[in-house]
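Engineer: One structure follows; several queries about it will come next.
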Amino acid sequence: MARFFITTAIDYPNSRPHIGTAFEKIGADAQARFRRMEGDQVFFLMGNDENTIKVPQKARELGLEPKPYVDEMARQFQDVWRALDISFDDFIQTSEPRHHAACQRFIQAVFDAGDIYKSVYKGHYCNGCETFKTDKEVEESGGRCPNHPNAPLVWVEEDNFFFKLSAYRDRLLDHYARNPDFIQPESRKNEIVNLVESELKDVAITRKGFEWGIKTPFDPSQTIYVWFDALLNYITAAGYGSDPDRFAQVWPADVHVIGKDITRFHCALWPAMLMSAGLPLPRRVFGHGFVYRKNEATGEIQKLSKSLGNVVDPMELIERFSSEAFRYYFLSQCPFGGDGEFSFERFAETYNSGLANNLGNLYSRILTMCLKYFGGVLDGADAVDARAWTKGADFPALMDELRSLIGAFEYSAALQRIGREVVDPANRYIQETEPFKLAKTDLAACKAVLVNLAEWLRVAAILFKPFLPRTALTFYQAFNFEESQPWTEVSYRDAAAHRPITVLRVTAPTTGGKPAPLFPKIEIGIGTG
RNA sequence: UGCGCCGUGGAGCAGCGGUUAGCUCGCCAGGCUCAUAACCUGGAGGUCGUAGGUUCGAUCCCUACCGGCGCAACCA
């Protein structure tokens with residue numbers, strides 16, 4: 001059984017998750033679920049990045065100690081991820097002891113390899129924030145601290161430890177050349193290669209005078225800089241420094257799923273760190289695009305930002321619609337490798353056309369006919385050709401195509417393909433065979449059509465399983481399909497091959513003899529603000 | 001400034017050397033009634049940002065320009 005280790009970026013806990021962070025988790029989740037279906041032993045890791053100077057600041061504002069604060073935030077993040085059915089196997093907080101201990105061990109290894117030296121860090125220091133400001137921040141704020149415009153910035157020089165990143169230039173370039181799939185999608189690769197070729201500088205990896213964070217083992221007056229420690233979550237959660245056997249089995253990661261803004265850390269700094277410590281490199285880094293917000297009133301496309309006040313809380317969408325609707329929108333409308341946009345209007349349109357009018361309605365018309373004409377029991381089902389609805393389409397080939405699209409994180413393309421090759425043909429099949437007329441003239445023929453439609457539900461259930469786990473399960477449980485194969489065992493292969501059942505029974509929940517609507521329509525206009 | 005991305009019918013996207021330039025939404029006309037006023041069929045609507053170039057042939061390759069946007073070492 002193949003192992004598959006997939007990670008997402010760990011998030012800063014100074015604010016709640018928004019639809020952009022959720023986009024990443026959903027994309028990774030679809031991959032993890034798909035790999036499990038295909039038989040891999042999946043380890044799906046997520047977590048929070050807690051060793052930042054903003055944490056004690058924020059905690060103090062709330063009158064809390066840092067640790068209870070980050071624990072509470074970690075709980076809130078996980079609540080959101082669970083509500084979205086993100087199937088993570090582990091959630092690491094970088095304030096946990098397992099992370100601290102392993103981090104120190106790692107930085108010591110890099111130190112022992114001779115890649116860490118002491119030098120002077122110079123920069124604009126704000127006494128209000130108690131931190132250095134980047135040149136960009138200072139420039140954009142007209143020479144002042146953006147948070148404390150009245151406090152003067154001081155030029156401070158401080159002794160810090162530096163990592164010899166520049167020494168890894170050639171080895172990094174060599175690695176990109178030998179592993180063309182290391183950075184994905186392709187468009188991000190050029191950017192990184194260019195960056196590494198031209199301006200790879202050594203980086204300061206410690207800071208002085210912070211209580212919160214991880215102490216540098218060879219100089220306890222210094223704290224490990226957040227980026228150096230954050231990246232290490234991927235190995236500390238895999239057992240580095242605590243469980244060598246497990247680590248050897250789990251590492252390297254098969255793919256790091258991250259945002260396009262931090263590809264440089266994952267494709268340059270991180271591999272160099274691992275090389276220095278003598279550890280294997282991750283196989284793939286996937287830099288997904290961003291979600292932008294379309295301003296409902298002006299039509300402007302904006303970055304999600306607190307200052308613009310256009311962030312959307314995932315919980316708001318989940319509670320008002322459903323987690324399935326949320327997942328469907330982002331997976332089908334936003335190409336994972338590229339950018340996408342969000343507006344309530346488009347959300348409602350996507351929901352109504354894709355979920356209510358197609359999937360939900362189809363489910364409803366199929367079950368209603370089975371109940372109405374046959375009392376929900378289709379006997380002798382194994383005697384009919386249940387694949388007439390496919391019109392002889394090459395399903396094994398379609399499965400290969402879908403497998404390859406999903407493997408490349410091209411979910412929107414995969415869903416479009418499923419829609420066109422599987423969902424649309426079912427509606428057409430009903431129109432062409434007219435089972436509602438056959439019910440009055442030829443019951444045997446009618447039953448044959450319904451057996452086909454039941455088979456359609458089984459196929460659709462399997463194909464949607466990585467994307468819409470709840471809907472998929474509902475489809476599968478609409479009939480007694482578990483008699484031929486347990487839900488936990490289905491794979492894409494099983495969507496291509498029919499599994500006859502002698503007596504098909506409707507097992508879906510009904511009220512008043514009718515199946516409950518899966519996706520009640522949204523009135524366009526409701527909550528579009 | 002450096003690097004990168006994008007500009008295709010009203011809106012959102014696909015196509016990346018030869019296709020009647022596809023798809024979704026919207027619009028118009030028919031059909032059907034099992035279904036969540038859903039579903040099916042057909043139609044109107046595009047000189048594929050602009051100007052050159054390469055080629056037997058370009059939406060697709062090259063160059064320049066115009067317009068929009070992203071990243072540039074802690075805003076996902």
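Identifiers in this document derive from the order of the structure tokens: chains are assigned A, B, ..., residues are numbered from 1 separately in each chain, and ligands are numbered from 1 in order of occurrence.
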Produce a table with one row for each residue of chain B that has an atom at most 7 Å from any atom of chain A, each row naming the nearest atom pair and its distance in Å at one decimal; use only C-alpha atoms (C1' of nucleotides); arrange rows by chain and rising residue number; format as a tab-separated table.

Structural biologist:
```
residue	atom	partner	partner_atom	distance
B:C3	C1'	A:Glu191	CA	6.3
B:G4	C1'	A:Glu191	CA	6.5
B:C34	C1'	A:Phe436	CA	5.4
B:A35	C1'	A:Arg365	CA	4.2
B:U36	C1'	A:Asn361	CA	5.8
B:A38	C1'	A:Asn357	CA	6.0
B:C39	C1'	A:Asn427	CA	6.5
B:C40	C1'	A:Gln431	CA	5.8
B:C71	C1'	A:Asp261	CA	6.9
B:A76	C1'	A:Thr21	CA	5.1
```

Engineer: Write out as JSON, numbers by chain each polymer residue whose atoms come within 12 Å of G68 in chain B, counting only C-alpha atoms (C1' of nucleotides); drop sequence neighbours fewer than 2 positions from it.

Structural biologist: {"A": [300, 301], "B": [5, 6, 7, 49, 66, 70]}

Engineer: Those residues with C-alpha atoms (C1' of nucleotides), as a PDB file, in the first residue's frame please?

Structural biologist:
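So the final result, stored in result-v1.pdb, reads:
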```pdb
ATOM      1  CA  GLU A 300     -14.388  45.640  -8.632  1.00  0.00           C
ATOM      2  CA  ILE A 301     -12.112  42.678  -8.034  1.00  0.00           C
TER       3      ILE A 301
ATOM      4  C1'   C B   5       0.087  36.310 -15.193  1.00  0.00           C
ATOM      5  C1'   C B   6      -4.206  37.916 -17.897  1.00  0.00           C
ATOM      6  C1'   G B   7      -7.136  40.480 -22.136  1.00  0.00           C
ATOM      7  C1'   G B  49      -6.958  43.686 -26.778  1.00  0.00           C
ATOM      8  C1'   C B  66      -2.200  49.456 -25.028  1.00  0.00           C
ATOM      9  C1'   G B  70       0.056  39.584  -9.023  1.00  0.00           C
TER      10        G B  70
END
```

Engineer: Would you please work out which residue, of B:U55, B:C28, B:U1, B:A72, is nearest to G42 in chain B when using only C-alpha atoms (C1' of nucleotides)?

Structural biologist: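 Checking each candidate against G42 in chain B, we get B:C28 as the closest.
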
Engineer: Quick one: DSSP alpha helix (DSSP H) residues in range 41-241 of chain A, as a PyMOL selection string?

Structural biologist: chain A and resi 54-61+66-83+97-112+135-140+169-178+186-199+226-231+233-236

Engineer: Hey, what's within 12 Å of G9 in chain B if we count only C-alpha atoms (C1' of nucleotides) and toss same-chain stuff fewer than 6 positions away? As an MDAnalysis selection string, please?

Structural biologist: chainID B and resid 21:22 44:46 48

Engineer: Please provide as a list in words all residues within 12 Å of Glu96 in chain A, with the sequence filter that same-chain residues fewer than 4 positions apart are discarded (counting only C-alpha atoms (C1' of nucleotides)).

Structural biologist: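 So, after excluding close chain neighbours, the residues are Gly47, Asn48, Asp49, Glu50, Asn51, Lys67, Pro68, Val70, Asp71, Ala74, Phe91, Ile92, His100, Ala101, Ala102, Cys103, Gly213, Ile214, Asn233, Thr236 and Ala237 of chain A.
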
Engineer: Filtering to C-alpha atoms, could you give me those residues as an mmCIF file, in the first residue's frame?

Structural biologist:
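The resulting file, again-v6.cif, is reproduced below:
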```cif
data_model
loop_
_atom_site.group_PDB
_atom_site.id
_atom_site.type_symbol
_atom_site.label_atom_id
_atom_site.label_comp_id
_atom_site.auth_asym_id
_atom_site.auth_seq_id
_atom_site.Cartn_x
_atom_site.Cartn_y
_atom_site.Cartn_z
ATOM 1 C CA GLY A 47 -1.767 23.139 11.802
ATOM 2 C CA ASN A 48 -1.258 26.614 13.166
ATOM 3 C CA ASP A 49 1.845 28.799 13.119
ATOM 4 C CA GLU A 50 2.016 30.164 16.622
ATOM 5 C CA ASN A 51 5.530 31.352 17.305
ATOM 6 C CA LYS A 67 -0.627 29.545 25.306
ATOM 7 C CA PRO A 68 -4.322 29.585 26.303
ATOM 8 C CA VAL A 70 -3.273 29.929 20.780
ATOM 9 C CA ASP A 71 -5.039 26.852 22.108
ATOM 10 C CA ALA A 74 -6.481 26.272 17.345
ATOM 11 C CA PHE A 91 -3.196 19.186 13.532
ATOM 12 C CA ILE A 92 0.078 20.533 14.791
ATOM 13 C CA HIS A 100 9.896 22.695 20.147
ATOM 14 C CA ALA A 101 12.122 19.755 20.885
ATOM 15 C CA ALA A 102 12.414 18.701 17.259
ATOM 16 C CA CYS A 103 13.063 22.256 16.126
ATOM 17 C CA GLY A 213 8.921 31.163 20.706
ATOM 18 C CA ILE A 214 11.634 28.557 20.489
ATOM 19 C CA ASN A 233 6.198 21.606 11.334
ATOM 20 C CA THR A 236 8.169 17.479 13.498
ATOM 21 C CA ALA A 237 4.618 16.228 12.957
#
```

Engineer: May I have the residues within 8 Å of range 397-412 of chain A as a PyMOL selection string, using only C-alpha atoms (C1' of nucleotides) and disregarding those fewer than 6 positions away in the same chain?

Structural biologist: chain A and resi 27+31+34+331-337+492-493+495-496

Engineer: Quick one: write out the picked residues with N, CA and C atoms as a PDB file, in the first residue's frame?

Structural biologist:
```
ATOM      1  N   GLY A  27      -8.907  22.279  -1.233  1.00  0.00           N
ATOM      2  CA  GLY A  27      -8.130  21.721  -2.338  1.00  0.00           C
ATOM      3  C   GLY A  27      -7.270  20.553  -1.887  1.00  0.00           C
ATOM      4  N   GLN A  31      -7.756  16.168  -2.569  1.00  0.00           N
ATOM      5  CA  GLN A  31      -6.638  15.308  -2.943  1.00  0.00           C
ATOM      6  C   GLN A  31      -6.488  14.148  -1.950  1.00  0.00           C
ATOM      7  N   PHE A  34      -9.267  11.681  -2.364  1.00  0.00           N
ATOM      8  CA  PHE A  34      -9.095  10.910  -3.594  1.00  0.00           C
ATOM      9  C   PHE A  34      -8.027   9.833  -3.423  1.00  0.00           C
ATOM     10  N   LEU A 331     -14.341  24.470  -5.481  1.00  0.00           N
ATOM     11  CA  LEU A 331     -13.729  23.423  -6.296  1.00  0.00           C
ATOM     12  C   LEU A 331     -14.120  23.540  -7.765  1.00  0.00           C
ATOM     13  N   SER A 332     -15.344  23.969  -8.019  1.00  0.00           N
ATOM     14  CA  SER A 332     -15.784  24.004  -9.416  1.00  0.00           C
ATOM     15  C   SER A 332     -15.522  25.356 -10.073  1.00  0.00           C
ATOM     16  N   GLN A 333     -15.515  26.427  -9.304  1.00  0.00           N
ATOM     17  CA  GLN A 333     -15.428  27.759  -9.910  1.00  0.00           C
ATOM     18  C   GLN A 333     -14.037  28.383  -9.881  1.00  0.00           C
ATOM     19  N   CYS A 334     -13.174  27.910  -9.012  1.00  0.00           N
ATOM     20  CA  CYS A 334     -11.852  28.520  -8.907  1.00  0.00           C
ATOM     21  C   CYS A 334     -10.792  27.495  -9.276  1.00  0.00           C
ATOM     22  N   PRO A 335     -10.164  27.631 -10.439  1.00  0.00           N
ATOM     23  CA  PRO A 335      -9.105  26.691 -10.792  1.00  0.00           C
ATOM     24  C   PRO A 335      -8.035  26.720  -9.699  1.00  0.00           C
ATOM     25  N   PHE A 336      -7.700  25.570  -9.169  1.00  0.00           N
ATOM     26  CA  PHE A 336      -6.874  25.549  -7.962  1.00  0.00           C
ATOM     27  C   PHE A 336      -5.493  26.174  -8.184  1.00  0.00           C
ATOM     28  N   GLY A 337      -4.911  25.912  -9.328  1.00  0.00           N
ATOM     29  CA  GLY A 337      -3.591  26.479  -9.588  1.00  0.00           C
ATOM     30  C   GLY A 337      -3.622  27.970  -9.878  1.00  0.00           C
ATOM     31  N   TYR A 492     -12.362   4.907  -7.964  1.00  0.00           N
ATOM     32  CA  TYR A 492     -12.800   5.346  -9.299  1.00  0.00           C
ATOM     33  C   TYR A 492     -12.933   4.165 -10.262  1.00  0.00           C
ATOM     34  N   ARG A 493     -12.143   3.148 -10.021  1.00  0.00           N
ATOM     35  CA  ARG A 493     -12.223   1.947 -10.848  1.00  0.00           C
ATOM     36  C   ARG A 493     -13.649   1.376 -10.808  1.00  0.00           C
ATOM     37  N   ALA A 495     -16.370   2.898 -10.496  1.00  0.00           N
ATOM     38  CA  ALA A 495     -17.367   3.674 -11.222  1.00  0.00           C
ATOM     39  C   ALA A 495     -17.440   3.204 -12.666  1.00  0.00           C
ATOM     40  N   ALA A 496     -16.376   2.610 -13.140  1.00  0.00           N
ATOM     41  CA  ALA A 496     -16.351   2.160 -14.533  1.00  0.00           C
ATOM     42  C   ALA A 496     -16.998   0.792 -14.696  1.00  0.00           C
TER      43      ALA A 496
END
```

Engineer: Determine which residues of range 85-325 of chain A receive a DSSP assignment of strand (DSSP E), computed from the backbone, and state them as a VMD selection string.

Structural biologist: chain A and resid 90 to 93 116 to 126 131 to 133 153 to 163 183 to 184 203 to 204 206 to 208 215 to 216 219 to 224 255 to 259 285 to 288 291 to 294 301 to 303

Engineer: Measure the distance from CA of Leu165 in chain A to CA of Leu231 in chain A in Å and round it to one decimal.

Structural biologist: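 For CA of Leu165 in chain A relative to CA of Leu231 in chain A, the distance reads 14.7 Å.
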
Engineer: Which residues are near range 498-503 of chain A? Cut-off 6 Å, only C-alpha atoms (C1' of nucleotides), ignore same chain within fewer than 5 positions. Put them as number ranges by chain.

Structural biologist: A: 378-382

Engineer: If we count only C-alpha atoms (C1' of nucleotides) and set the cut-off at 12 Å, which residues sit around C61 in chain B, ignoring sequence neighbours fewer than 4 positions away in its own chain? Please answer as an MDAnalysis selection string.

Structural biologist: chainID B and resid 16:17 53:55

Engineer: Write out, as a compact mmCIF listing (two decimals), in the first residue's frame, the residues just selected, with N, CA and C atoms (P, O5', C5', C4', C3', O3' and C1' of nucleotides).

Structural biologist:
```txt
# COMPACT_ATOMS: atom_id res chain seq x y z
P C B 16 -5.20 23.26 -26.23
O5' C B 16 -4.20 24.05 -27.14
C5' C B 16 -4.30 24.27 -28.54
C4' C B 16 -3.30 25.35 -28.80
C3' C B 16 -1.93 25.05 -28.16
O3' C B 16 -0.93 24.92 -29.15
C1' C B 16 -2.88 27.15 -27.35
P G B 17 -0.67 23.52 -29.98
O5' G B 17 -1.00 23.83 -31.53
C5' G B 17 -1.57 25.00 -31.86
C4' G B 17 -1.95 25.09 -33.33
C3' G B 17 -1.96 23.78 -34.12
O3' G B 17 -3.28 23.28 -34.37
C1' G B 17 -0.90 25.62 -35.29
P G B 53 3.50 42.39 -41.90
O5' G B 53 4.45 41.30 -41.23
C5' G B 53 5.85 41.59 -41.07
C4' G B 53 6.48 40.58 -40.16
C3' G B 53 6.35 39.12 -40.60
O3' G B 53 7.28 38.80 -41.62
C1' G B 53 5.95 39.29 -38.28
P U B 54 7.00 37.59 -42.63
O5' U B 54 7.18 36.33 -41.68
C5' U B 54 8.46 35.98 -41.17
C4' U B 54 8.38 34.70 -40.38
C3' U B 54 7.70 33.55 -41.13
O3' U B 54 8.60 32.89 -42.01
C1' U B 54 6.80 33.71 -38.95
P U B 55 8.12 32.55 -43.51
O5' U B 55 6.99 31.46 -43.28
C5' U B 55 7.32 30.21 -42.67
C4' U B 55 6.06 29.44 -42.41
C3' U B 55 5.13 29.30 -43.61
O3' U B 55 5.54 28.25 -44.47
C1' U B 55 3.88 29.91 -41.70
```

Engineer: Between CA of Ala393 in chain A and CA of Phe464 in chain A, measure the distance and give it in Å to one decimal.

Structural biologist: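 For CA of Ala393 in chain A relative to CA of Phe464 in chain A, the distance reads 18.7 Å.
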
Engineer: At what distance in Å, to one decimal, does CA of Gly287 in chain A lie from CA of Ile183 in chain A?

Structural biologist: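 Spanning CA of Ile183 in chain A to CA of Gly287 in chain A is a straight-line distance of 7.7 Å.
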
Engineer: Which residue out of A:Gly376, A:Gly209, A:Gly39, A:Pro425 has the minimum interatomic distance to Ala508 in chain A when only C-alpha atoms are used?

Structural biologist: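 The shortest atom-to-atom distance to Ala508 in chain A comes from A:Gly376.
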